[in-house]
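Peer 1: This is work_22.txt (compact mmCIF, C-alpha atoms).
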```
# COMPACT_ATOMS: atom_id res chain seq x y z
CA MET A 1 102.73 63.80 210.16
CA MET A 2 100.48 62.80 213.07
CA ALA A 3 103.36 63.54 215.47
CA VAL A 4 103.69 67.05 214.08
CA ALA A 5 99.96 67.65 214.39
CA ALA A 6 100.12 66.48 218.01
CA GLN A 7 102.97 68.88 218.77
CA LEU A 8 101.04 71.76 217.26
CA ALA A 9 97.95 70.84 219.27
CA ARG A 10 99.93 70.75 222.52
CA ARG A 11 101.48 74.15 221.89
CA PRO A 12 99.00 76.82 220.72
CA PHE A 13 100.36 79.71 218.71
CA SER A 14 101.22 82.76 220.77
CA GLY A 15 99.62 86.13 220.12
CA SER A 16 102.56 88.14 221.46
CA ALA A 17 106.16 88.51 220.26
CA ALA A 18 107.40 89.83 223.60
CA ARG A 19 109.99 87.89 225.64
CA ARG A 20 110.12 84.99 223.20
CA ALA A 21 113.27 83.02 222.43
CA VAL A 22 111.92 80.21 220.25
CA MET A 23 108.98 79.49 217.97
CA PRO A 24 107.52 76.61 215.94
CA ALA A 25 108.77 76.35 212.36
CA TRP A 26 109.63 73.99 209.55
CA VAL A 27 113.38 74.09 208.96
CA ILE A 28 116.11 72.36 207.00
CA ASP A 29 119.54 71.61 208.49
CA ARG A 30 121.12 70.64 205.17
CA TYR A 31 120.18 70.73 201.51
CA GLY A 32 118.51 67.72 199.95
CA THR A 33 115.19 66.07 199.08
CA ASN A 34 111.93 66.32 201.01
CA GLU A 35 113.35 64.26 203.88
CA VAL A 36 115.44 67.23 205.06
CA LEU A 37 112.32 69.11 206.16
CA ARG A 38 112.07 69.06 209.97
CA PHE A 39 109.41 70.47 212.28
CA THR A 40 110.67 72.04 215.47
CA LYS A 41 109.10 73.95 218.33
CA ASN A 42 112.47 75.55 219.08
CA ALA A 43 113.44 77.55 216.00
CA PRO A 44 115.29 80.77 216.91
CA PHE A 45 112.87 83.64 217.34
CA PRO A 46 113.53 86.40 214.76
CA VAL A 47 114.66 89.68 216.30
CA ILE A 48 114.42 93.19 214.88
CA GLN A 49 118.00 94.30 214.19
CA TYR A 50 117.46 97.52 212.22
CA PRO A 51 115.12 100.43 212.92
CA ASN A 52 113.26 99.99 209.60
CA GLU A 53 112.20 96.39 210.33
CA VAL A 54 108.90 94.89 211.48
CA THR A 55 107.95 91.59 213.12
CA VAL A 56 105.04 89.85 211.40
CA LYS A 57 102.97 87.09 212.98
CA VAL A 58 102.40 84.67 210.11
CA HIS A 59 98.78 83.67 209.47
CA ALA A 60 99.29 82.06 206.05
CA ALA A 61 102.15 81.25 203.70
CA ALA A 62 102.47 79.79 200.21
CA LEU A 63 105.01 77.70 198.34
CA ASN A 64 106.69 78.44 195.02
CA PRO A 65 108.97 76.35 192.80
CA ILE A 66 111.93 78.33 194.18
CA ASP A 67 111.24 76.87 197.63
CA VAL A 68 111.67 73.36 196.23
CA SER A 69 114.84 74.44 194.43
CA MET A 70 116.26 76.15 197.53
CA ARG A 71 115.54 73.04 199.61
CA GLY A 72 117.98 71.28 197.28
CA GLY A 73 120.63 74.02 197.53
CA TYR A 74 119.82 76.04 194.42
CA GLY A 75 121.31 79.53 194.69
CA ALA A 76 123.15 78.71 197.91
CA ALA A 77 126.34 80.54 196.91
CA THR A 78 124.58 83.78 195.98
CA MET A 79 122.29 83.67 199.02
CA ALA A 80 125.30 83.15 201.29
CA MET A 81 126.94 86.24 199.79
CA LYS A 82 123.80 88.30 200.36
CA ARG A 83 123.53 87.16 203.98
CA ASP A 84 127.25 87.54 204.72
CA PRO A 85 128.93 89.85 202.16
CA LEU A 86 132.19 89.98 204.13
CA ASN A 87 132.33 86.17 204.40
CA LEU A 88 132.77 86.29 208.17
CA ASN A 89 130.67 83.23 208.99
CA GLN A 90 131.49 79.57 208.51
CA ALA A 91 129.94 77.53 205.69
CA GLY A 92 126.51 76.29 206.67
CA SER A 93 125.77 79.25 208.95
CA GLU A 94 122.39 79.69 207.24
CA PHE A 95 121.06 76.58 208.99
CA PRO A 96 118.54 75.96 210.41
CA LEU A 97 116.99 77.55 207.31
CA ILE A 98 113.29 78.42 207.07
CA LEU A 99 111.79 78.35 203.57
CA GLY A 100 108.66 80.10 202.26
CA ARG A 101 108.59 83.30 200.20
CA ASP A 102 104.94 84.39 200.63
CA VAL A 103 103.44 85.70 203.85
CA SER A 104 100.17 87.21 204.99
CA GLY A 105 99.84 88.13 208.64
CA VAL A 106 99.67 90.79 211.31
CA ILE A 107 102.37 93.21 212.46
CA MET A 108 103.32 92.59 216.08
CA GLU A 109 106.25 94.99 216.52
CA CYS A 110 107.83 97.88 214.62
CA GLY A 111 111.35 99.30 214.57
CA LEU A 112 111.92 102.87 215.68
CA ASP A 113 111.99 104.30 212.13
CA VAL A 114 108.81 102.59 210.93
CA ALA A 115 106.02 105.16 210.45
CA TYR A 116 103.82 103.60 207.76
CA PHE A 117 102.81 100.55 209.84
CA LYS A 118 101.70 99.90 213.41
CA PRO A 119 101.10 96.78 215.51
CA GLY A 120 97.83 95.13 214.53
CA ASP A 121 98.04 96.06 210.82
CA GLU A 122 97.18 93.22 208.44
CA VAL A 123 99.98 92.97 205.88
CA TRP A 124 101.39 90.80 203.13
CA ALA A 125 104.88 90.53 201.67
CA ALA A 126 107.17 88.67 199.30
CA ILE A 127 110.20 87.59 201.29
CA PRO A 128 113.63 87.88 199.60
CA PRO A 129 115.18 84.42 199.21
CA TRP A 130 118.24 85.30 201.30
CA LYS A 131 116.04 85.93 204.37
CA GLN A 132 114.40 83.46 206.73
CA GLY A 133 111.01 82.50 205.35
CA SER A 134 107.36 82.25 206.30
CA LEU A 135 106.99 78.59 207.32
CA ALA A 136 107.15 79.72 210.93
CA GLU A 137 105.14 81.55 213.56
CA PHE A 138 106.95 84.87 213.05
CA VAL A 139 109.16 86.54 210.44
CA VAL A 140 111.11 89.81 210.45
CA LEU A 141 111.10 91.96 207.31
CA SER A 142 112.16 95.41 206.17
CA ALA A 143 109.21 97.78 206.15
CA ASN A 144 109.83 98.59 202.47
CA GLU A 145 109.17 94.92 201.64
CA VAL A 146 105.77 94.95 203.35
CA SER A 147 102.39 96.25 202.21
CA HIS A 148 98.91 96.45 203.69
CA LYS A 149 96.99 93.31 202.75
CA PRO A 150 94.04 93.70 200.36
CA LYS A 151 90.93 94.21 202.46
CA SER A 152 88.90 91.93 200.23
CA LEU A 153 91.10 88.85 200.80
CA SER A 154 91.48 86.46 203.70
CA HIS A 155 95.01 85.68 204.87
CA PRO A 156 95.19 82.36 202.96
CA GLU A 157 93.95 84.05 199.78
CA ALA A 158 96.39 86.93 200.21
CA ALA A 159 99.34 84.58 200.77
CA ALA A 160 98.86 83.18 197.27
CA LEU A 161 99.93 86.39 195.54
CA PRO A 162 102.99 88.34 196.79
CA TYR A 163 105.97 86.42 195.38
CA THR A 164 104.53 85.54 191.98
CA ALA A 165 102.77 88.89 191.62
CA SER A 166 105.98 90.76 192.48
CA THR A 167 107.91 88.63 190.00
CA ALA A 168 105.36 89.21 187.24
CA TRP A 169 105.25 92.94 188.05
CA SER A 170 109.04 93.18 187.87
CA ALA A 171 109.13 91.36 184.53
CA VAL A 172 106.19 93.13 182.87
CA VAL A 173 106.63 96.64 184.32
CA ASN A 174 110.28 97.12 185.31
CA THR A 175 111.86 95.02 182.54
CA GLY A 176 109.10 94.83 179.93
CA GLY A 177 108.24 98.52 180.14
CA LEU A 178 104.46 98.16 180.27
CA ASN A 179 102.19 100.06 182.64
CA LYS A 180 98.56 101.11 182.96
CA ASP A 181 99.14 104.14 180.71
CA ASN A 182 100.84 102.45 177.72
CA CYS A 183 99.56 98.86 177.75
CA ALA A 184 96.30 99.39 175.84
CA LYS A 185 96.25 97.44 172.56
CA LYS A 186 99.73 96.00 173.13
CA ARG A 187 99.97 92.36 172.09
CA VAL A 188 101.56 90.19 174.79
CA LEU A 189 102.49 86.50 174.62
CA ILE A 190 102.76 84.70 177.96
CA LEU A 191 104.54 81.36 177.74
CA GLY A 192 103.55 79.11 180.63
CA ALA A 193 100.42 80.97 181.68
CA SER A 194 98.85 78.57 184.17
CA GLY A 195 101.41 78.81 186.99
CA GLY A 196 101.62 81.46 189.69
CA VAL A 197 103.48 84.09 187.65
CA GLY A 198 101.54 83.36 184.48
CA THR A 199 98.07 83.57 186.02
CA PHE A 200 98.89 86.95 187.53
CA ALA A 201 100.56 88.28 184.37
CA VAL A 202 97.49 87.40 182.28
CA GLN A 203 95.25 89.37 184.64
CA LEU A 204 97.65 92.31 184.92
CA VAL A 205 97.98 92.86 181.18
CA LYS A 206 94.22 92.46 180.63
CA ALA A 207 93.43 94.91 183.43
CA TRP A 208 95.56 97.48 181.61
CA GLY A 209 93.86 96.89 178.26
CA GLY A 210 96.41 94.69 176.53
CA HIS A 211 95.73 91.72 174.24
CA VAL A 212 96.95 88.44 175.78
CA THR A 213 97.90 85.25 174.01
CA ALA A 214 98.70 82.52 176.52
CA THR A 215 100.23 79.06 176.26
CA CYS A 216 99.38 76.21 178.61
CA SER A 217 98.20 72.61 178.59
CA GLY A 218 94.73 71.73 177.39
CA ALA A 219 93.73 70.94 180.96
CA ALA A 220 94.48 74.52 182.03
CA GLU A 221 92.86 76.27 179.05
CA ARG A 222 89.56 76.96 180.80
CA LEU A 223 91.30 78.57 183.79
CA VAL A 224 93.49 80.79 181.62
CA ARG A 225 90.52 81.93 179.53
CA GLU A 226 88.56 82.72 182.70
CA LEU A 227 91.43 84.95 183.79
CA GLY A 228 91.02 86.99 180.62
CA ALA A 229 93.33 85.55 177.95
CA ASP A 230 92.14 86.53 174.46
CA ALA A 231 93.75 83.50 172.80
CA VAL A 232 95.05 80.27 174.31
CA VAL A 233 97.52 77.91 172.65
CA ASP A 234 97.66 74.31 173.87
CA TYR A 235 101.28 73.18 173.70
CA GLY A 236 100.08 69.59 173.59
CA THR A 237 98.54 69.97 170.13
CA GLY A 238 101.78 70.79 168.31
CA PRO A 239 104.79 73.13 168.34
CA ILE A 240 103.78 76.55 169.64
CA GLN A 241 105.94 78.36 167.11
CA ASN A 242 104.02 76.70 164.29
CA GLN A 243 100.66 77.63 165.78
CA LEU A 244 101.75 81.26 166.18
CA SER A 245 103.82 81.63 163.01
CA SER A 246 101.66 84.48 161.67
CA GLU A 247 101.52 86.40 164.99
CA ARG A 248 103.79 89.23 166.16
CA PHE A 249 103.98 90.59 169.70
CA ASP A 250 105.12 93.69 171.58
CA LEU A 251 106.18 91.69 174.64
CA ILE A 252 106.87 88.02 175.31
CA LEU A 253 107.05 86.82 178.92
CA ASP A 254 108.73 83.42 179.11
CA ASN A 255 108.06 81.32 182.21
CA VAL A 256 109.17 78.10 180.50
CA GLY A 257 112.73 78.56 179.25
CA GLY A 258 114.67 75.81 177.52
CA GLU A 259 114.01 75.51 173.81
CA THR A 260 111.51 78.38 173.74
CA GLU A 261 114.34 80.90 173.56
CA ARG A 262 115.42 79.48 170.19
CA TRP A 263 112.19 80.46 168.42
CA ALA A 264 110.27 82.91 170.60
CA LEU A 265 112.15 86.07 169.63
CA ALA A 266 111.16 85.57 166.00
CA LEU A 267 107.57 86.29 167.12
CA LEU A 268 108.40 89.83 168.24
CA LYS A 269 107.63 92.92 166.16
CA PRO A 270 111.03 94.01 164.79
CA TRP A 271 112.33 97.56 165.13
CA SER A 272 109.43 98.64 167.33
CA GLY A 273 110.91 98.33 170.82
CA ALA A 274 109.46 94.84 171.32
CA LYS A 275 110.97 92.81 174.18
CA TYR A 276 111.46 89.20 175.12
CA VAL A 277 111.73 88.78 178.92
CA THR A 278 112.65 85.39 180.33
CA LEU A 279 112.40 84.44 183.99
CA VAL A 280 114.41 81.27 183.41
CA THR A 281 118.05 82.39 183.63
CA PRO A 282 121.36 80.65 184.43
CA PHE A 283 122.46 83.29 186.94
CA LEU A 284 122.12 81.31 190.18
CA ARG A 285 123.20 78.06 188.57
CA ASN A 286 126.34 79.77 187.27
CA THR A 287 127.29 81.07 190.71
CA ASP A 288 126.52 77.68 192.27
CA THR A 289 128.80 75.81 189.88
CA LEU A 290 131.49 78.39 189.08
CA GLY A 291 131.62 80.43 192.27
CA ILE A 292 130.51 84.03 192.76
CA ALA A 293 133.18 85.84 190.71
CA ASP A 294 133.39 83.43 187.76
CA GLY A 295 129.65 82.81 187.82
CA MET A 296 128.81 86.50 187.65
CA PHE A 297 131.37 87.00 184.88
CA GLN A 298 129.91 84.12 182.85
CA THR A 299 126.41 85.46 183.44
CA GLY A 300 127.41 88.93 182.22
CA VAL A 301 129.01 87.53 179.09
CA THR A 302 125.97 85.37 178.34
CA VAL A 303 123.33 88.06 178.69
CA ALA A 304 125.42 90.69 176.86
CA THR A 305 126.09 88.32 173.94
CA LYS A 306 122.43 87.39 173.58
CA ALA A 307 121.21 90.96 173.94
CA LEU A 308 123.60 92.21 171.25
CA LYS A 309 122.78 89.32 168.92
CA HIS A 310 119.07 90.05 169.00
CA LEU A 311 119.44 93.83 169.00
CA THR A 312 120.90 93.56 165.52
CA LYS A 313 117.60 91.93 164.52
CA GLY A 314 115.56 94.81 165.94
CA VAL A 315 114.29 93.16 169.13
CA HIS A 316 115.30 93.34 172.78
CA TYR A 317 116.42 90.35 174.86
CA ARG A 318 116.11 90.73 178.64
CA TRP A 319 116.30 88.69 181.83
CA GLY A 320 113.62 89.22 184.47
CA PHE A 321 114.03 88.71 188.21
CA PHE A 322 112.00 88.81 191.38
CA ILE A 323 112.38 92.17 193.12
CA PRO A 324 110.87 92.64 196.61
CA SER A 325 108.85 95.84 196.67
CA GLY A 326 106.27 97.04 199.15
CA PRO A 327 105.21 99.91 196.83
CA ALA A 328 104.53 97.43 194.00
CA LEU A 329 102.42 95.35 196.39
CA ASP A 330 100.54 98.55 197.33
CA ASP A 331 99.53 98.96 193.67
CA ILE A 332 98.68 95.26 193.39
CA SER A 333 96.58 95.47 196.57
CA ASP A 334 94.56 98.33 195.05
CA MET A 335 94.00 96.26 191.89
CA VAL A 336 92.83 93.28 193.96
CA ASP A 337 90.35 95.39 195.94
CA ALA A 338 89.13 96.93 192.68
CA GLY A 339 88.37 93.45 191.32
CA GLN A 340 90.94 93.68 188.53
CA VAL A 341 93.10 90.75 189.64
CA ARG A 342 92.54 87.83 192.00
CA PRO A 343 94.59 85.04 193.53
CA VAL A 344 94.42 81.59 191.97
CA VAL A 345 94.69 78.93 194.68
CA GLU A 346 95.02 75.31 193.64
CA ALA A 347 95.56 73.60 196.99
CA HIS A 348 95.40 74.27 200.76
CA TYR A 349 97.51 72.50 203.37
CA SER A 350 97.70 72.79 207.14
CA PHE A 351 100.94 73.72 208.92
CA ALA A 352 101.37 70.05 209.83
CA GLN A 353 101.25 69.11 206.12
CA VAL A 354 104.16 71.22 204.87
CA PRO A 355 106.10 68.20 203.48
CA ASP A 356 103.02 67.15 201.49
CA ALA A 357 102.73 70.70 200.13
CA PHE A 358 106.35 70.55 198.96
CA LEU A 359 105.67 67.29 197.12
CA LYS A 360 102.63 68.90 195.47
CA VAL A 361 104.68 71.83 194.17
CA GLU A 362 107.57 69.56 193.19
CA GLY A 363 105.19 67.54 191.00
CA GLY A 364 104.78 70.54 188.65
CA HIS A 365 101.88 71.27 186.29
CA ALA A 366 100.56 73.95 188.65
CA ARG A 367 97.14 75.51 188.16
CA GLY A 368 97.75 78.30 190.64
CA LYS A 369 99.29 78.42 194.11
CA THR A 370 99.73 76.01 197.01
CA VAL A 371 98.81 77.73 200.28
CA ILE A 372 99.78 76.82 203.86
CA ASP A 373 97.36 77.77 206.65
CA ILE A 374 99.76 78.58 209.49
CA ILE A 375 96.89 79.54 211.79
CA SER A 376 93.59 77.80 211.14
CA ASP A 377 90.47 79.94 211.00
CA GLU A 378 89.24 78.91 214.42
CA HIS A 379 92.54 79.91 216.08
CA GLU A 380 93.18 83.19 214.30
CA CYS A 381 93.75 86.12 216.62
CA VAL A 382 95.68 89.37 216.58
```
Show the structure stored in the file as structure tokens.
Peer 2:
Amino acid sequence: MMAVAAQLARRPFSGSAARRAVMPAWVIDRYGTNEVLRFTKNAPFPVIQYPNEVTVKVHAAALNPIDVSMRGGYGAATMAMKRDPLNLNQAGSEFPLILGRDVSGVIMECGLDVAYFKPGDEVWAAIPPWKQGSLAEFVVLSANEVSHKPKSLSHPEAAALPYTASTAWSAVVNTGGLNKDNCAKKRVLILGASGGVGTFAVQLVKAWGGHVTATCSGAAERLVRELGADAVVDYGTGPIQNQLSSERFDLILDNVGGETERWALALLKPWSGAKYVTLVTPFLRNTDTLGIADGMFQTGVTVATKALKHLTKGVHYRWGFFIPSGPALDDISDMVDAGQVRPVVEAHYSFAQVPDAFLKVEGGHARGKTVIDIISDEHECV
């Protein structure tokens, strides 16, 4: 780690994207455990290839559980298809791969069709998992994936939100059907409320007037209550289904998966449009183990069977997914600046400490996000 810090000290971050061929980044050259992470000063510099793209100078990034999973090869088959739909490249062409789904930074260059942004704009974004990530000096994104950063947040604070907030927004709004106009008095159960998605979902539903019941460990109860949860259930004190046996909900957001699916749907209000949305799905694991065609077929059969089974009981079973969306981040940015939602940061790491940050996230039991300061405060410049 000292060697990495020395390399960073010898090579200050550049303020210009012009005439660059390489940049500093953390990369992986194969899938595996934390040992595959490698710092390099010579990562390929990202180049704008389409007129709707922008180059962002990264000021801060954040890690999510998906980064740990992707380091080990999770979703590799599906990501390869997204990167190379015609299968023209050789296996392993994604390497060196840069991880990191959250970014907050400054636009350095815009494609010819980009009108909503200009160089110098402070922005944030949730990076799709098939694209090169934010653990680098620069990243190239589609303009429709980018949003102006909340004015009230620093770059490290802003980096804590995009991926988990976009995931929660997709699950609650797009799949769950709630919004600021219909959420009032709705009863929502959030399973696994102390992680990145859960902490944002609690705040989102409360900001829109809903009633939130949240599950977490006893150690996280204070945090979840501070975020606005009306009732908190400690999963360490007994089976959650027993503690909530008399409750009924309009929406259940499941960040836990596993056995929860066996009992959670019984807590929905029947024949009222109530939905169970789980973010823990077998989609990527199916395509990893069965291949793209068979994996997608198995996934379709699984979700259709479960949806039909529960529809006969008067409730809706749905899978939720991360969807990159600049317009959603625009709405979230407005809510942040209005004081309705805030980032929850558990730990800060320097750019030299990226492997330590991965170990922190890999350890689980998150109480918010793990943030990487790509540019320290004293070196920040546009």
Peer 1: Of the candidates A:Thr40, A:Gln203, A:Gln340, A:Thr281, which one gets nearest to Gly257 of chain A if we count only C-alpha atoms?
Peer 2: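 Counting only C-alpha atoms, the residue closest to Gly257 of chain A is A:Thr281.
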Peer 1: Please produce, as a tab-separated table, a per-residue contact table for segment 213-306 of chain A versus segment 182-192 of chain A (criterion: any atom at most 10 Å away, only C-alpha atoms considered), showing the nearest atom pair and its distance in Å to one decimal, sorted by chain then residue number.
Peer 2:
```
residue	atom	partner	partner_atom	distance
A:Thr213	CA	A:Leu189	CA	4.8
A:Ala214	CA	A:Ile190	CA	4.8
A:Thr215	CA	A:Leu191	CA	5.1
A:Cys216	CA	A:Gly192	CA	5.5
A:Ser217	CA	A:Gly192	CA	8.7
A:Ala229	CA	A:Ile190	CA	9.5
A:Ala231	CA	A:Leu189	CA	9.4
A:Val232	CA	A:Ile190	CA	9.6
A:Val233	CA	A:Leu191	CA	9.3
A:Tyr235	CA	A:Gly192	CA	9.4
A:Ile240	CA	A:Leu191	CA	9.5
A:Leu244	CA	A:Leu189	CA	10.0
A:Glu247	CA	A:Arg187	CA	9.4
A:Arg248	CA	A:Arg187	CA	7.7
A:Phe249	CA	A:Arg187	CA	5.0
A:Asp250	CA	A:Arg187	CA	5.3
A:Leu251	CA	A:Val188	CA	4.9
A:Ile252	CA	A:Leu189	CA	4.7
A:Leu253	CA	A:Ile190	CA	4.9
A:Asp254	CA	A:Leu191	CA	4.9
A:Asn255	CA	A:Gly192	CA	5.3
A:Val256	CA	A:Gly192	CA	5.7
A:Gly257	CA	A:Leu191	CA	8.8
A:Thr260	CA	A:Leu191	CA	8.6
A:Ala264	CA	A:Leu191	CA	9.3
A:Leu267	CA	A:Leu189	CA	9.1
A:Leu268	CA	A:Leu189	CA	9.3
A:Lys269	CA	A:Arg187	CA	9.7
A:Ala274	CA	A:Val188	CA	9.8
A:Lys275	CA	A:Val188	CA	9.8
A:Tyr276	CA	A:Leu189	CA	9.4
A:Val277	CA	A:Ile190	CA	9.9
A:Thr278	CA	A:Leu191	CA	9.4
```
Peer 1: Just want the 9 Å neighbourhood of Gln298 of chain A, counted on all atoms listed in the file, with same-chain residues fewer than 6 positions away dropped. Output as number ranges by chain.
Peer 2: A: 283, 286-287, 290
Peer 1: Between atom CA of Ser166 of chain A and atom CA of Pro324 of chain A, measure the distance and give it in Å to one decimal.
Peer 2: 6.7 Å
Peer 1: In Å to one decimal, how far is atom CA of Gly209 of chain A from atom CA of Leu178 of chain A?
Peer 2: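 Separation between atom CA of Leu178 of chain A and atom CA of Gly209 of chain A: 10.9 Å.
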Peer 1: Considering only C-alpha atoms, state which residue in the set A:His148, A:Arg83, A:Arg222, A:Arg30 is at the smallest distance from Trp124 of chain A.
Peer 2: A:His148
Peer 1: Given only C-alpha atoms as the basis, pick out the residue of A:Asn242, A:Thr164, A:Thr305, A:Asn179 nearest to Ala201 of chain A.
Peer 2: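 Nearest candidate to Ala201 of chain A out of A:Asn242, A:Thr164, A:Thr305, A:Asn179: A:Thr164.
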Peer 1: Which residue out of A:Ile28, A:Ala125, A:Ile375, A:Leu63 has the minimum interatomic distance to Gly92 of chain A when all atoms listed in the file are used?
Peer 2: A:Ile28
Peer 1: Between atom CA of Leu99 of chain A and atom CA of Ser152 of chain A, what distance in Å does the model show, to one decimal?
Peer 2: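 Distance between the two atoms: 26.8 Å.
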Peer 1: Of the candidates A:Lys118, A:Tyr317, A:Lys180, A:Ala62, which shows the shortest atom-to-atom distance to Trp208 of chain A, using all atoms listed in the file?
Peer 2: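 Closest to Trp208 of chain A, using all atoms listed in the file: A:Lys180.
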Peer 1: At a cut-off of 10 Å, using only C-alpha atoms, what residues contact Asp230 of chain A? Leave out same-chain residues fewer than 3 positions from it and give the result as JSON, numbers by chain.
Peer 2: {"A": [202, 206, 210, 211, 212, 213, 214, 224, 225, 226, 227]}
Peer 1: How would the residues just picked look written out with C-alpha atoms as a PDB file, in the frame of the given file?
Peer 2:
```
ATOM      1  CA  VAL A 202      97.490  87.400 182.280  1.00  0.00           C
ATOM      2  CA  LYS A 206      94.220  92.460 180.630  1.00  0.00           C
ATOM      3  CA  GLY A 210      96.410  94.690 176.530  1.00  0.00           C
ATOM      4  CA  HIS A 211      95.730  91.720 174.240  1.00  0.00           C
ATOM      5  CA  VAL A 212      96.950  88.440 175.780  1.00  0.00           C
ATOM      6  CA  THR A 213      97.900  85.250 174.010  1.00  0.00           C
ATOM      7  CA  ALA A 214      98.700  82.520 176.520  1.00  0.00           C
ATOM      8  CA  VAL A 224      93.490  80.790 181.620  1.00  0.00           C
ATOM      9  CA  ARG A 225      90.520  81.930 179.530  1.00  0.00           C
ATOM     10  CA  GLU A 226      88.560  82.720 182.700  1.00  0.00           C
ATOM     11  CA  LEU A 227      91.430  84.950 183.790  1.00  0.00           C
TER      12      LEU A 227
END
```
Peer 1: Excluding Pro282 of chain A and residues on its chain fewer than 3 positions from it, collect all residues at most 12 Å away from it, counting all atoms listed in the file, and give them as a list in words.
Peer 2: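 In the requested format, the answer is Tyr74, Gly75, Gly257, Gly258, Thr278, Leu279, Arg285, Asn286, Thr287, Asp288, Thr289, Leu290, Gly295, Met296, Phe297, Gln298, Thr299, Gly300, Val301, Thr302, Val303, Trp319, Gly320 and Phe321 of chain A.
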Peer 1: Mind giving me the axis-aligned box for segment 214-227 of chain A with 4 Å on every side, centre plus edges in Å to one decimal, as JSON?
Peer 2:
```
{"center_x": 94.4, "center_y": 77.9, "center_z": 180.0, "size_x": 19.7, "size_y": 22.0, "size_z": 15.5}
```
Peer 1: Leaving out Arg38 of chain A and any residue of its chain fewer than 4 positions from it, which residues lie within 9 Å of it when counting all atoms listed in the file, given as a list in words?
Peer 2: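 Neighbouring residues, sequence-local ones excluded: Ala25, Trp26, Val27, Ile28, Asp29 and Pro355 of chain A.
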Peer 1: For a quick check of your reading of the model, name the residues lying within 7 Å of the coordinate (98.2, 91.4, 204.2), counting all atoms listed in the file, and write them as a short mmCIF file (atom, residue, chain, number, x, y, z; two decimals) with C-alpha atoms, in the frame of the given file.
Peer 2:
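Final output, part-v1.cif:
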```
data_model
loop_
_atom_site.label_atom_id
_atom_site.label_comp_id
_atom_site.auth_asym_id
_atom_site.auth_seq_id
_atom_site.Cartn_x
_atom_site.Cartn_y
_atom_site.Cartn_z
CA SER A 104 100.17 87.21 204.99
CA GLY A 105 99.84 88.13 208.64
CA GLU A 122 97.18 93.22 208.44
CA VAL A 123 99.98 92.97 205.88
CA TRP A 124 101.39 90.80 203.13
CA SER A 147 102.39 96.25 202.21
CA HIS A 148 98.91 96.45 203.69
CA LYS A 149 96.99 93.31 202.75
CA PRO A 150 94.04 93.70 200.36
CA HIS A 155 95.01 85.68 204.87
CA ALA A 158 96.39 86.93 200.21
#
```
Peer 1: Identify the residues around (113.7, 87.5, 217.5) within a radius of 12 Å, measuring from all atoms listed in the file in the coordinates stated by the file, and give them as a tab-separated table (two decimals) with C-alpha atoms, in the frame of the given file.
Peer 2:
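New file selection29.tsv:
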```tsv
chain	number	residue	atom	x	y	z
A	16	SER	CA	102.56	88.14	221.46
A	17	ALA	CA	106.16	88.51	220.26
A	18	ALA	CA	107.40	89.83	223.60
A	19	ARG	CA	109.99	87.89	225.64
A	20	ARG	CA	110.12	84.99	223.20
A	21	ALA	CA	113.27	83.02	222.43
A	22	VAL	CA	111.92	80.21	220.25
A	23	MET	CA	108.98	79.49	217.97
A	43	ALA	CA	113.44	77.55	216.00
A	44	PRO	CA	115.29	80.77	216.91
A	45	PHE	CA	112.87	83.64	217.34
A	46	PRO	CA	113.53	86.40	214.76
A	47	VAL	CA	114.66	89.68	216.30
A	48	ILE	CA	114.42	93.19	214.88
A	49	GLN	CA	118.00	94.30	214.19
A	50	TYR	CA	117.46	97.52	212.22
A	53	GLU	CA	112.20	96.39	210.33
A	54	VAL	CA	108.90	94.89	211.48
A	55	THR	CA	107.95	91.59	213.12
A	56	VAL	CA	105.04	89.85	211.40
A	57	LYS	CA	102.97	87.09	212.98
A	108	MET	CA	103.32	92.59	216.08
A	109	GLU	CA	106.25	94.99	216.52
A	132	GLN	CA	114.40	83.46	206.73
A	137	GLU	CA	105.14	81.55	213.56
A	138	PHE	CA	106.95	84.87	213.05
A	139	VAL	CA	109.16	86.54	210.44
A	140	VAL	CA	111.11	89.81	210.45
A	141	LEU	CA	111.10	91.96	207.31
```
Peer 1: Would you mind putting N, CA and C atoms back on segment 67-74 of chain A and writing the result as a JSON list (two decimals), in the frame of the given file?
Peer 2:
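Everything below was put into rebuild-v3.json:
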```json
[["chain", "number", "residue", "atom", "x", "y", "z"],
["A", 67, "ASP", "N", 111.08, 77.50, 196.32],
["A", 67, "ASP", "CA", 111.24, 76.87, 197.63],
["A", 67, "ASP", "C", 111.74, 75.43, 197.48],
["A", 68, "VAL", "N", 111.21, 74.72, 196.50],
["A", 68, "VAL", "CA", 111.67, 73.36, 196.23],
["A", 68, "VAL", "C", 113.13, 73.39, 195.79],
["A", 69, "SER", "N", 113.46, 74.33, 194.92],
["A", 69, "SER", "CA", 114.84, 74.44, 194.43],
["A", 69, "SER", "C", 115.79, 74.79, 195.56],
["A", 70, "MET", "N", 115.40, 75.74, 196.41],
["A", 70, "MET", "CA", 116.26, 76.15, 197.53],
["A", 70, "MET", "C", 116.43, 75.03, 198.54],
["A", 71, "ARG", "N", 115.40, 74.20, 198.73],
["A", 71, "ARG", "CA", 115.54, 73.04, 199.61],
["A", 71, "ARG", "C", 116.69, 72.15, 199.15],
["A", 72, "GLY", "N", 116.91, 72.10, 197.83],
["A", 72, "GLY", "CA", 117.98, 71.28, 197.28],
["A", 72, "GLY", "C", 119.31, 72.01, 197.15],
["A", 73, "GLY", "N", 119.37, 73.28, 197.57],
["A", 73, "GLY", "CA", 120.63, 74.02, 197.53],
["A", 73, "GLY", "C", 120.78, 74.99, 196.38],
["A", 74, "TYR", "N", 119.74, 75.12, 195.56],
["A", 74, "TYR", "CA", 119.82, 76.04, 194.42],
["A", 74, "TYR", "C", 120.04, 77.48, 194.91]]
```
